[in-house]
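Novice: Below is the file entry20.txt, with compact mmCIF, C-alpha atoms.
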```txt
# COMPACT_ATOMS: atom_id res chain seq x y z
CA MET A 1457 25.94 54.68 5.37
CA THR A 1458 28.46 51.89 6.08
CA ALA A 1459 27.93 48.18 5.58
CA LEU A 1460 27.70 47.75 9.35
CA GLU A 1461 24.87 50.26 9.54
CA SER A 1462 22.94 49.08 6.48
CA ASP A 1463 22.83 45.34 7.33
CA VAL A 1464 19.81 44.59 9.52
CA LEU A 1465 18.16 41.34 10.50
CA ASN A 1466 15.23 40.16 8.42
CA GLY A 1467 12.72 37.56 9.56
CA GLU A 1468 14.65 34.55 8.26
CA ALA A 1469 17.98 35.72 9.71
CA LEU A 1470 16.33 36.55 13.04
CA LYS A 1471 14.88 33.03 13.21
CA TYR A 1472 18.38 31.58 12.65
CA VAL A 1473 19.97 33.79 15.31
CA PHE A 1474 17.19 33.03 17.78
CA THR A 1475 17.49 29.28 17.21
CA HIS A 1476 21.24 29.15 17.80
CA VAL A 1477 21.35 31.63 20.69
CA PHE A 1478 18.30 30.43 22.64
CA CYS A 1479 18.42 26.78 21.45
CA PRO A 1480 14.64 26.20 21.83
CA LEU A 1481 13.00 22.80 22.23
CA GLN A 1482 11.90 22.60 18.57
CA LEU A 1483 15.06 22.56 16.44
CA PRO A 1484 15.44 22.37 12.64
CA ASP A 1485 15.62 18.91 11.07
CA GLY A 1486 18.84 19.63 9.18
CA ASP A 1487 21.78 21.94 8.69
CA ASP A 1488 20.78 25.61 8.38
CA HIS A 1489 24.25 27.14 8.17
CA SER A 1490 25.12 29.64 5.48
CA PRO A 1491 27.62 32.52 5.16
CA THR A 1492 24.68 34.92 5.26
CA ASN A 1493 23.47 33.50 8.58
CA ASP A 1494 26.97 33.73 10.06
CA ARG A 1495 27.12 37.35 8.99
CA SER A 1496 23.73 38.06 10.56
CA LEU A 1497 24.76 36.49 13.86
CA SER A 1498 28.09 38.30 14.11
CA LEU A 1499 26.48 41.59 13.05
CA GLU A 1500 23.75 41.38 15.69
CA VAL A 1501 26.28 40.65 18.43
CA TYR A 1502 28.41 43.59 17.25
CA HIS A 1503 25.42 45.94 17.21
CA SER A 1504 24.45 44.80 20.70
CA ALA A 1505 27.98 45.36 22.01
CA SER A 1506 28.00 48.86 20.52
CA ALA A 1507 24.64 49.62 22.15
CA TYR A 1508 25.81 48.17 25.47
CA ALA A 1509 28.75 50.59 25.55
CA GLN A 1510 26.50 53.38 26.87
CA HIS A 1511 25.86 51.33 30.02
CA VAL A 1512 29.56 50.74 30.75
CA ASP A 1513 31.30 52.83 33.41
CA THR A 1514 33.72 55.43 32.15
CA SER A 1515 36.64 53.66 33.81
CA ALA A 1516 35.82 50.45 31.90
CA THR A 1517 35.31 52.08 28.51
CA PRO A 1518 38.79 51.18 27.10
CA GLN A 1519 38.35 47.50 28.00
CA TRP A 1520 34.88 47.36 26.47
CA LYS A 1521 36.12 49.15 23.38
CA CYS A 1522 38.50 46.22 22.82
CA ILE A 1523 35.50 43.87 22.96
CA VAL A 1524 33.61 45.92 20.39
CA GLU A 1525 36.65 46.03 18.09
CA MET A 1526 37.09 42.25 18.42
CA LEU A 1527 33.46 41.68 17.42
CA ARG A 1528 33.82 44.08 14.50
CA ASN A 1529 36.79 42.09 13.22
CA ILE A 1530 34.77 38.88 13.53
CA PHE A 1531 32.02 40.45 11.47
CA GLU A 1532 34.52 41.53 8.83
CA THR A 1533 35.73 37.96 8.40
CA THR A 1534 32.16 36.62 8.11
CA ARG A 1535 31.10 39.42 5.76
CA ILE A 1536 33.56 38.21 3.14
CA GLY A 1537 32.39 34.63 3.57
CA GLU A 1538 35.83 33.04 3.94
CA LEU A 1539 39.15 33.82 5.57
CA ASP A 1540 41.02 36.22 3.33
CA GLU A 1541 44.81 36.28 3.67
CA THR A 1542 44.98 40.03 3.08
CA LEU A 1543 42.32 40.71 5.72
CA ILE A 1544 44.15 38.56 8.28
CA VAL A 1545 47.42 40.43 7.71
CA SER A 1546 45.61 43.76 7.96
CA GLN A 1547 43.85 42.90 11.23
CA ILE A 1548 46.95 41.43 12.88
CA GLN A 1549 49.08 44.37 11.81
CA ALA A 1550 46.57 46.84 13.28
CA MET A 1551 46.60 45.21 16.73
CA HIS A 1552 47.62 47.33 19.72
CA VAL A 1553 48.32 46.27 23.29
CA GLY A 1554 45.13 44.80 24.75
CA ASP A 1555 43.54 44.01 21.37
CA VAL A 1556 42.10 40.58 20.61
CA VAL A 1557 41.57 39.02 17.17
CA VAL A 1558 39.69 35.77 16.63
CA TYR A 1559 39.51 33.46 13.59
CA TYR A 1560 37.31 30.47 12.93
CA ILE A 1561 39.16 27.82 10.91
CA ARG A 1562 36.07 26.05 9.63
CA ALA A 1563 37.62 23.11 7.74
CA GLN A 1564 39.68 22.17 10.81
CA ASN A 1565 36.87 22.69 13.36
CA ALA A 1566 39.10 25.01 15.38
CA ALA A 1567 39.45 28.63 16.46
CA VAL A 1568 42.55 30.75 17.01
CA ILE A 1569 42.70 33.75 19.35
CA PHE A 1570 45.49 36.34 19.23
CA ARG A 1571 46.00 38.58 22.27
CA LYS A 1572 48.48 41.44 22.01
CA GLU A 1573 50.44 42.24 25.16
CA THR A 1574 53.34 44.61 25.82
CA GLU A 1575 56.20 42.22 25.05
CA LYS A 1576 54.47 39.19 23.59
CA THR A 1577 51.41 38.00 21.72
CA LEU A 1578 49.43 35.05 23.02
CA VAL A 1579 48.20 32.54 20.45
CA GLU A 1580 45.44 30.30 21.82
CA SER A 1581 43.49 27.60 20.02
CA PHE A 1582 40.66 25.21 20.82
CA GLU A 1583 38.21 22.75 19.30
CA VAL A 1584 34.92 24.36 18.32
CA SER A 1585 32.28 21.65 17.81
CA PRO A 1586 32.47 18.39 19.78
CA SER A 1587 32.12 15.17 17.82
CA THR A 1588 28.72 13.70 17.14
CA ALA A 1589 29.44 10.75 19.44
CA GLN A 1590 30.33 13.07 22.32
CA VAL A 1591 27.19 15.17 21.89
CA MET A 1592 24.82 12.22 21.50
CA GLY A 1593 26.48 10.26 24.29
CA ALA A 1594 26.32 13.04 26.87
CA ARG A 1595 23.61 13.14 29.52
CA GLY A 1596 22.64 16.78 29.56
CA LYS A 1597 25.26 19.32 28.56
CA LEU A 1598 28.96 18.84 27.85
CA LEU A 1599 31.44 20.41 30.27
CA CYS A 1600 34.34 21.85 28.25
CA SER A 1601 37.39 23.93 29.15
CA TYR A 1602 38.61 26.86 27.00
CA PRO A 1603 41.00 27.72 25.51
CA GLY A 1604 43.25 24.80 24.62
CA PRO A 1605 47.03 25.13 24.19
CA ALA A 1606 48.52 28.64 24.41
CA ILE A 1607 51.87 29.87 23.05
CA ALA A 1608 53.54 33.21 23.83
CA VAL A 1609 55.29 34.60 20.74
CA PRO A 1610 57.70 37.54 21.24
CA ASN A 1611 56.43 40.71 19.60
CA GLU A 1612 59.68 41.24 17.67
CA ILE A 1613 58.82 38.03 15.80
CA PHE A 1614 55.07 38.53 15.68
CA ASN A 1615 55.47 42.05 14.25
CA ASP A 1616 57.70 40.81 11.44
CA ALA A 1617 55.99 41.26 8.07
CA VAL A 1618 57.20 37.92 6.69
CA PHE A 1619 55.96 36.06 9.77
CA ARG A 1620 52.54 37.71 9.58
CA SER A 1621 52.27 36.88 5.89
CA GLU A 1622 53.15 33.21 6.38
CA LEU A 1623 50.83 32.92 9.37
CA ALA A 1624 47.96 34.46 7.42
CA ASN A 1625 48.63 32.16 4.47
CA PHE A 1626 48.59 29.12 6.78
CA LEU A 1627 45.28 30.07 8.42
CA ALA A 1628 43.62 30.90 5.10
CA ALA A 1629 44.74 27.58 3.62
CA MET A 1630 43.67 25.56 6.66
CA ASN A 1631 40.24 27.18 6.48
CA LYS A 1632 39.65 25.56 3.07
CA ASP A 1633 41.74 22.36 2.96
CA ILE A 1634 39.96 19.09 3.79
CA LEU A 1635 42.73 16.93 5.27
CA ASP A 1636 42.93 13.54 6.93
CA ALA A 1637 41.57 14.96 10.18
CA THR A 1638 38.08 14.58 8.73
CA PRO A 1639 36.22 11.45 9.93
CA THR A 1640 35.70 8.72 7.34
CA THR A 1641 33.11 6.04 6.70
CA THR A 1642 32.83 3.05 4.37
CA LYS A 1643 30.37 3.18 1.47
CA ALA A 1644 30.19 0.59 -1.32
CA GLY A 1645 33.45 -0.88 -0.08
CA SER A 1646 35.32 2.43 -0.32
CA GLU A 1647 36.47 4.76 2.43
CA VAL A 1648 35.03 8.28 2.01
CA ASN A 1649 34.87 11.42 4.14
CA GLU A 1650 31.99 11.65 6.61
CA PRO A 1651 30.61 15.20 6.29
CA ARG A 1652 28.04 14.63 9.04
CA ASP A 1653 30.71 14.53 11.75
CA THR A 1654 33.23 17.14 12.87
CA ALA A 1655 36.94 17.17 12.02
CA HIS A 1656 39.69 16.69 14.58
CA PRO A 1657 41.35 20.10 15.20
CA ARG A 1658 44.89 18.71 15.37
CA TYR A 1659 46.22 20.76 12.46
CA ILE A 1660 45.55 23.86 14.55
CA THR A 1661 45.78 22.73 18.17
CA GLU A 1662 48.80 20.48 17.52
CA LEU A 1663 50.54 21.41 14.24
CA LEU A 1664 50.25 25.21 14.52
CA THR A 1665 50.96 25.04 18.24
CA GLY A 1666 54.07 22.94 17.57
CA ILE A 1667 55.33 25.39 14.93
CA LEU A 1668 54.83 28.38 17.20
CA ARG A 1669 56.47 26.54 20.08
CA GLY A 1670 59.71 26.65 18.08
CA ILE A 1671 59.75 30.46 18.10
CA GLY A 1672 57.85 31.03 21.35
CA SER A 1673 57.11 29.24 24.57
CA PRO A 1674 54.08 27.56 26.17
CA ILE A 1675 52.26 29.70 28.69
CA ASP A 1676 49.68 28.92 31.32
CA VAL A 1677 46.63 31.11 30.81
CA LYS A 1678 43.43 31.51 32.78
CA ARG A 1679 40.85 29.09 31.45
CA ILE A 1680 37.10 28.90 31.73
CA SER A 1681 34.66 26.01 31.89
CA LYS A 1682 31.42 26.13 29.94
CA ARG A 1683 28.42 23.81 29.85
CA ILE A 1684 27.87 23.38 26.13
CA GLY A 1685 24.29 22.81 25.01
CA ASP A 1686 24.62 21.24 21.55
CA ASP A 1687 22.51 18.73 19.68
CA VAL A 1688 22.52 16.59 16.54
CA VAL A 1689 19.18 16.71 14.68
CA TRP A 1690 18.93 14.93 11.37
CA LYS A 1691 15.84 13.99 9.37
CA ASP A 1692 15.60 13.80 5.58
CA SER A 1693 18.60 16.09 5.10
CA LEU A 1694 22.18 15.75 3.89
CA LEU A 1695 23.76 17.22 7.03
CA PRO A 1696 22.46 17.30 10.61
CA TRP A 1697 21.65 20.43 12.56
CA ARG A 1698 24.41 21.52 14.91
CA ARG A 1699 24.51 24.61 17.07
CA SER A 1700 26.46 27.47 15.49
CA PRO A 1701 30.23 27.11 16.02
CA LEU A 1702 30.58 30.86 15.51
CA TRP A 1703 28.28 31.53 18.46
CA LEU A 1704 30.49 29.39 20.70
CA ILE A 1705 33.62 31.18 19.47
CA ILE A 1706 32.09 34.57 20.21
CA ARG A 1707 31.12 33.52 23.74
CA VAL A 1708 34.50 31.98 24.53
CA ALA A 1709 36.42 34.96 23.15
CA MET A 1710 34.27 37.44 25.06
CA GLN A 1711 34.27 35.61 28.39
CA THR A 1712 38.00 34.85 28.42
CA THR A 1713 38.80 38.44 27.48
CA LEU A 1714 36.49 39.99 30.07
CA GLU A 1715 37.80 37.77 32.84
CA ARG A 1716 41.37 38.81 32.03
CA ASN A 1717 40.93 42.55 31.49
CA GLY A 1718 39.32 43.20 34.86
CA LEU A 1719 35.63 43.55 33.92
CA GLY A 1720 34.88 40.02 35.11
CA ARG A 1721 32.25 37.37 34.58
CA ASP A 1722 29.38 39.53 35.83
CA VAL A 1723 29.83 41.93 32.92
CA TYR A 1724 29.82 38.97 30.53
CA LYS A 1725 26.56 37.63 31.99
CA THR A 1726 25.04 41.09 31.97
CA PHE A 1727 25.86 41.59 28.31
CA MET A 1728 24.54 38.15 27.37
CA LEU A 1729 21.21 38.97 29.00
CA PHE A 1730 21.22 42.38 27.30
CA PHE A 1731 21.87 40.73 23.93
CA MET A 1732 19.19 38.07 24.38
CA ASN A 1733 16.71 40.71 25.52
CA ARG A 1734 17.31 42.65 22.29
CA LEU A 1735 16.64 39.50 20.30
CA ALA A 1736 13.41 38.93 22.23
CA GLN A 1737 12.30 42.47 21.40
CA ASN A 1738 13.02 41.81 17.72
CA LEU A 1739 10.89 38.65 17.89
CA VAL A 1740 7.93 40.78 18.95
CA GLN A 1741 8.52 43.26 16.14
CA TRP A 1742 8.71 40.48 13.53
CA ASP A 1743 5.57 38.77 14.87
CA MET A 1744 7.26 35.41 15.49
CA SER A 1745 5.39 32.27 16.58
CA ASN A 1746 3.82 31.87 20.01
CA ASP A 1747 6.23 29.09 20.96
CA ASP A 1748 9.28 31.20 20.13
CA LEU A 1749 7.97 34.19 22.03
CA GLN A 1750 7.08 32.15 25.09
CA TYR A 1751 10.45 30.38 25.11
CA ALA A 1752 12.37 33.64 24.72
CA SER A 1753 10.42 35.22 27.58
CA ALA A 1754 11.04 32.23 29.85
CA LYS A 1755 14.74 32.13 28.97
CA ILE A 1756 15.53 35.76 29.69
CA SER A 1757 13.44 35.61 32.88
CA GLN A 1758 15.43 32.60 34.00
CA ARG A 1759 18.74 34.34 33.29
CA LEU A 1760 17.63 37.42 35.20
CA THR A 1761 16.60 35.29 38.17
CA LYS A 1762 19.92 33.44 38.21
CA MET A 1763 21.86 36.72 38.17
CA GLY A 1764 20.02 37.92 41.26
CA SER A 1765 21.35 41.09 42.84
CA SER A 1766 24.28 41.29 40.39
CA SER A 1767 21.90 42.38 37.63
CA PRO A 1768 21.83 46.19 37.12
CA GLU A 1769 18.51 47.86 37.83
CA TRP A 1770 18.24 49.28 34.32
CA LEU A 1771 18.63 45.81 32.81
CA SER A 1772 16.05 44.28 35.17
CA GLU A 1773 13.53 46.93 34.15
CA MET A 1774 14.34 46.38 30.49
CA VAL A 1775 13.82 42.62 30.73
CA LEU A 1776 10.59 43.13 32.68
CA GLU A 1777 9.23 45.42 29.96
CA THR A 1778 10.13 42.89 27.27
CA CYS A 1779 8.41 40.05 29.13
CA LYS A 1780 5.32 42.20 29.67
CA GLY A 1781 5.26 43.07 25.97
CA ILE A 1782 5.47 39.40 25.00
CA ARG A 1783 2.73 38.46 27.47
CA ASN A 1784 0.44 41.21 26.15
CA LEU A 1785 1.00 40.06 22.57
CA LEU A 1786 0.27 36.42 23.45
CA ASP A 1787 -2.89 37.48 25.31
CA GLN A 1788 -4.05 39.48 22.29
CA ARG A 1789 -3.51 36.49 20.02
CA TRP A 1790 -5.42 34.22 22.40
CA GLU A 1791 -8.32 36.65 22.60
CA ALA A 1792 -8.43 36.73 18.80
CA VAL A 1793 -8.58 32.94 18.68
CA GLN A 1794 -11.35 32.84 21.28
CA LYS A 1795 -13.34 35.49 19.42
CA SER A 1796 -12.96 33.58 16.16
CA ASP A 1797 -14.08 30.30 17.72
CA ALA A 1798 -17.01 31.93 19.51
CA ALA A 1799 -18.59 33.09 16.24
CA SER A 1800 -21.28 30.69 14.93
CA PRO A 1801 -20.80 29.38 11.38
CA PRO A 1802 -23.16 30.88 8.78
CA TRP A 1803 -26.44 29.03 8.13
CA ASP A 1804 -27.87 29.23 4.61
CA PRO A 1805 -30.10 26.24 3.66
CA SER A 1806 -30.32 27.38 0.03
CA THR A 1807 -26.65 26.48 -0.45
CA LEU A 1808 -27.13 22.87 0.67
CA ASP A 1809 -27.19 20.00 -1.87
CA PHE A 1810 -28.89 17.09 -0.11
CA SER A 1811 -28.52 14.70 -3.06
CA ALA A 1812 -24.76 15.14 -3.30
CA ASP A 1813 -24.24 15.27 0.46
CA THR A 1814 -26.05 11.97 1.07
CA GLN A 1815 -24.39 9.96 -1.72
CA LEU A 1816 -21.58 7.77 -0.44
CA SER A 1817 -18.66 6.64 -2.59
CA LEU A 1818 -17.34 3.29 -1.39
CA LEU A 1819 -14.71 2.88 -4.10
CA HIS A 1820 -12.81 -0.03 -2.56
CA SER A 1821 -15.61 -1.88 -0.73
CA LYS A 1822 -17.31 -3.87 -3.53
CA ASP A 1823 -15.70 -7.20 -2.72
CA TYR A 1824 -16.42 -6.91 0.97
CA ILE A 1825 -20.07 -5.90 0.51
CA THR A 1826 -20.68 -8.63 -2.08
CA GLY A 1827 -19.21 -11.26 0.21
CA ALA A 1828 -21.26 -10.02 3.16
CA LEU A 1829 -24.54 -10.16 1.15
CA ASN A 1830 -23.87 -13.61 -0.29
CA ARG A 1831 -22.57 -15.22 2.89
CA ASN A 1832 -24.44 -18.36 3.97
CA LEU A 1833 -24.95 -18.59 7.70
CA SER A 1834 -24.15 -22.02 9.02
CA SER A 1835 -26.91 -23.84 10.90
CA GLU A 1836 -24.47 -26.01 12.76
CA ARG A 1837 -24.12 -25.42 16.45
CA LEU A 1838 -20.85 -25.79 18.20
CA ASN A 1839 -20.96 -27.84 21.35
CA PHE A 1840 -19.07 -26.23 24.17
CA GLN A 1841 -17.61 -28.52 26.76
CA LEU A 1842 -16.05 -27.14 29.87
CA GLU A 1843 -12.82 -28.89 30.68
CA GLY A 1844 -12.13 -29.14 34.37
CA ARG A 1845 -8.72 -28.68 35.92
CA LEU A 1846 -7.32 -31.17 38.39
CA ARG A 1847 -7.12 -29.35 41.70
CA GLY A 1848 -6.00 -31.63 44.49
CA LYS A 1849 -5.27 -31.52 48.20
CA LEU A 1850 -2.04 -32.32 49.97
CA ASN A 1851 -2.92 -36.00 50.35
CA ASP A 1852 -3.52 -36.27 46.60
CA PHE A 1853 -0.17 -34.78 45.72
CA LEU A 1854 1.69 -36.89 48.28
CA SER A 1855 0.09 -40.19 47.31
CA VAL A 1856 2.28 -43.27 47.28
CA ASN A 1857 2.20 -43.88 43.52
CA GLY A 1858 2.31 -40.17 42.55
CA GLU A 1859 -0.19 -40.76 39.76
CA PHE A 1860 -2.36 -37.74 40.60
CA PHE A 1861 0.60 -35.32 40.58
CA ASP A 1862 1.92 -36.67 37.25
CA LYS A 1863 -1.46 -36.34 35.57
CA ALA A 1864 -2.09 -32.85 36.91
CA TYR A 1865 1.43 -31.66 36.04
CA ARG A 1866 1.12 -32.84 32.42
CA ALA A 1867 -2.15 -30.98 32.03
CA GLU A 1868 -1.32 -27.72 33.86
CA PRO A 1869 2.29 -27.55 35.15
CA TYR A 1870 2.19 -24.01 36.53
CA LEU A 1871 -1.20 -24.42 38.16
CA THR A 1872 -0.13 -27.74 39.68
CA LEU A 1873 3.04 -26.25 41.17
CA TYR A 1874 0.99 -23.42 42.62
CA ASP A 1875 -1.43 -25.87 44.25
CA VAL A 1876 1.42 -27.94 45.71
CA GLU A 1877 3.13 -24.89 47.24
CA LYS A 1878 -0.15 -23.59 48.64
CA GLU A 1879 -1.13 -26.93 50.16
CA VAL A 1880 2.32 -27.49 51.65
CA GLY A 1881 2.34 -24.01 53.14
CA GLN A 1882 -1.10 -24.37 54.69
CA GLY A 1883 -1.29 -28.03 55.70
CA ILE A 1884 2.11 -29.66 55.97
CA ASP A 1885 2.09 -29.53 59.79
CA ASP A 1886 -1.24 -31.35 60.07
CA TRP A 1887 -0.14 -33.94 57.50
CA VAL A 1888 3.07 -34.66 59.46
CA ASP A 1889 1.10 -35.04 62.68
CA CYS A 1890 -1.12 -37.63 61.02
CA VAL A 1891 1.90 -39.60 59.82
```
Using structure tokens, write down the structure that the file contains.

Specialist:
Amino acid sequence: MTALESDVLNGEALKYVFTHVFCPLQLPDGDDHSPTNDRSLSLEVYHSASAYAQHVDTSATPQWKCIVEMLRNIFETTRIGELDETLIVSQIQAMHVGDVVVYYIRAQNAAVIFRKETEKTLVESFEVSPSTAQVMGARGKLLCSYPGPAIAVPNEIFNDAVFRSELANFLAAMNKDILDATPTTTKAGSEVNEPRDTAHPRYITELLTGILRGIGSPIDVKRISKRIGDDVVWKDSLLPWRRSPLWLIIRVAMQTTLERNGLGRDVYKTFMLFFMNRLAQNLVQWDMSNDDLQYASAKISQRLTKMGSSSPEWLSEMVLETCKGIRNLLDQRWEAVQKSDAASPPWDPSTLDFSADTQLSLLHSKDYITGALNRNLSSERLNFQLEGRLRGKLNDFLSVNGEFFDKAYRAEPYLTLYDVEKEVGQGIDDWVDCV
């Protein structure tokens, strides 16, 4: 049995994958990333792509095989836990026309995609996680375009062993080196790195692109726009929660590849629904919480509705069965709660201790009770005198000496102004006639 076949999702890994794929309303309070979680995510996507292959038309099998191979390579890089120079050289060397290889350069917050064509190899890069300020400042989701800069490198150069070795060494080093692209903050008068924000990807999108431009040429590639649903959640933790960068890389690599190899966006959306449906089925098997189950059911139902007639019949039936299974499980849990609450509590008077149950312990009330018992009630009566307010008519306010208005205004300015405006509005015409 191979490593790919033996690794399966456990409950903790499934919770991580569900959280970052579905992005439910209740998110973790801090960073939950780990190499193990990355491996679980990439493995589940790879397994789903392998299972989806049986639903692909025979004519599209070669194109989908490239997708499966790309996801397998991603899993291999996450299985090791860090970018290994030898693994990079091996994967790049094994590329054939139509193959795609993707690398996540974690320290630089960037991804690099290699696409092998007949005469050239395309090298594309893009920023993975937006900055904290961009995410928190956005109303709704961020609209981002992928990939970023693209360089076409001739295959006679790309196939050179020395070039591949130097390229692999550069990517492996950039994956670990913390450079000046990392945001900084001031603490105790000193400038230090800010680990809670994301690094600027310039050492990949600018430096690497500039190096490759010297041996290749810029090329205009077909780009996609995605609405990125990310968040920054931070409470009593060293680092905030951010949505998995690896999940974004997988989606971008898959969608850009499918839209270029002829399968199109519909196949991408169909696979995403297929993948999310498998996760929802796993949630049922692992007896996840009611909130997670309900959210997963609503999410896949929404995706199916948005696809409309473009959704294959077999997938619609599969999603319907999953939603029915979740609804049945939630109904069973609710019935169990109702049955538990309907049962009367046991009544056994012999177990009651009236002496202990009627003794009160007021540990912090001595001063208050003593003061209340010793308080002397005053026999003095307070005389209440009602103070009248000066409320005049128009003649009073418009008197020759103005004494009434001055006295009323000093006592109640707002009330006096109200009375003046009311009297003028209601009786100024009659007053003028009398004058």

Novice: Could you please determine the separation between CA of Glu1575 in chain A and CA of Ile1705 in chain A in Å, to one decimal place?

Specialist: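 A separation of 25.7 Å between them.
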
Novice: Tell me, as a VMD selection string, which residues lie within 10 Å of Thr1588 in chain A, counting all atoms listed in the file; anything in the same chain fewer than 5 positions away does not count.

Specialist: chain A and resid 1593 1652 to 1654 1686 to 1688 1696 1698

Novice: Distance CA of Asn1565 in chain A-CA of Met1630 in chain A, one decimal place?

Specialist: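 Distance between the two atoms: 10.0 Å.
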
Novice: Applying 12 Å and only C-alpha atoms, which residues near Leu1760 in chain A remain after dropping the ones on its own chain fewer than 2 positions away? List them as a ChimeraX atom specification.

Specialist: /A:1722,1725-1730,1732-1733,1753-1758,1762-1776,1779

Novice: Could you save those same residues with C-alpha atoms as a short mmCIF file (atom, residue, chain, number, x, y, z; two decimals), keeping the file's coordinate frame?

Specialist:
```
data_model
loop_
_atom_site.label_atom_id
_atom_site.label_comp_id
_atom_site.auth_asym_id
_atom_site.auth_seq_id
_atom_site.Cartn_x
_atom_site.Cartn_y
_atom_site.Cartn_z
CA ASP A 1722 29.38 39.53 35.83
CA LYS A 1725 26.56 37.63 31.99
CA THR A 1726 25.04 41.09 31.97
CA PHE A 1727 25.86 41.59 28.31
CA MET A 1728 24.54 38.15 27.37
CA LEU A 1729 21.21 38.97 29.00
CA PHE A 1730 21.22 42.38 27.30
CA MET A 1732 19.19 38.07 24.38
CA ASN A 1733 16.71 40.71 25.52
CA SER A 1753 10.42 35.22 27.58
CA ALA A 1754 11.04 32.23 29.85
CA LYS A 1755 14.74 32.13 28.97
CA ILE A 1756 15.53 35.76 29.69
CA SER A 1757 13.44 35.61 32.88
CA GLN A 1758 15.43 32.60 34.00
CA LYS A 1762 19.92 33.44 38.21
CA MET A 1763 21.86 36.72 38.17
CA GLY A 1764 20.02 37.92 41.26
CA SER A 1765 21.35 41.09 42.84
CA SER A 1766 24.28 41.29 40.39
CA SER A 1767 21.90 42.38 37.63
CA PRO A 1768 21.83 46.19 37.12
CA GLU A 1769 18.51 47.86 37.83
CA TRP A 1770 18.24 49.28 34.32
CA LEU A 1771 18.63 45.81 32.81
CA SER A 1772 16.05 44.28 35.17
CA GLU A 1773 13.53 46.93 34.15
CA MET A 1774 14.34 46.38 30.49
CA VAL A 1775 13.82 42.62 30.73
CA LEU A 1776 10.59 43.13 32.68
CA CYS A 1779 8.41 40.05 29.13
#
```

Novice: Let me make sure I understand: among A:Cys1890, A:Val1512, A:Val1708, A:Leu1483, which one has the smallest atom-to-atom distance to Ser1581 in chain A if we use all atoms listed in the file?

Specialist: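 The answer is A:Val1708, which sits nearest to Ser1581 in chain A.
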
Novice: To test the calculation: enclose all listed atoms of range 1619-1623 of chain A in a box whose edges run along x, y and z, add 8 Å on each side, then state centre and edge lengths in Å to one decimal, as lines of an AutoDock Vina configuration file.

Specialist:
```
center_x = 53.4
center_y = 35.3
center_z = 7.8
size_x = 21.1
size_y = 20.8
size_z = 19.9
```

Novice: Expressed in Å to a single decimal, how great is the separation between CA of Ala1624 in chain A and CA of Gly1554 in chain A?

Specialist: 20.4 Å

Novice: Leaving out Glu1715 in chain A and any residue of its chain fewer than 3 positions from it, which residues lie within 12 Å of it when counting all atoms listed in the file, given as a PyMOL selection string?

Specialist: chain A and resi 1519-1520+1523+1677-1680+1708-1712+1718-1725

Novice: Rank A:Arg1683, A:Ala1563, A:Arg1535, A:Lys1576 by their smallest atom-to-atom distance to Leu1599 in chain A, using all atoms listed in the file, and report the top residue only.

Specialist: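 Between A:Arg1683, A:Ala1563, A:Arg1535, A:Lys1576, the residue approaching Leu1599 in chain A most closely is A:Arg1683.
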
Novice: Can you tell me, as a list in words, what residues are no more than 12 Å from range 1879-1884 of chain A when counting all atoms listed in the file, ignoring any on the same chain fewer than 2 positions away?

Specialist: Arg1847, Gly1848, Lys1849, Leu1850, Asn1851, Asp1852, Phe1853, Leu1854, Thr1872, Leu1873, Tyr1874, Asp1875, Val1876, Glu1877, Asp1886, Trp1887, Val1888, Asp1889, Cys1890 and Val1891 of chain A

Novice: May I have the residues at most 12 Å from (5.1, 39.7, 26.9) in the file's coordinates, counting all atoms listed in the file, as a PyMOL selection string?

Specialist: chain A and resi 1733+1736-1737+1739-1741+1746+1748-1754+1756-1757+1774-1789
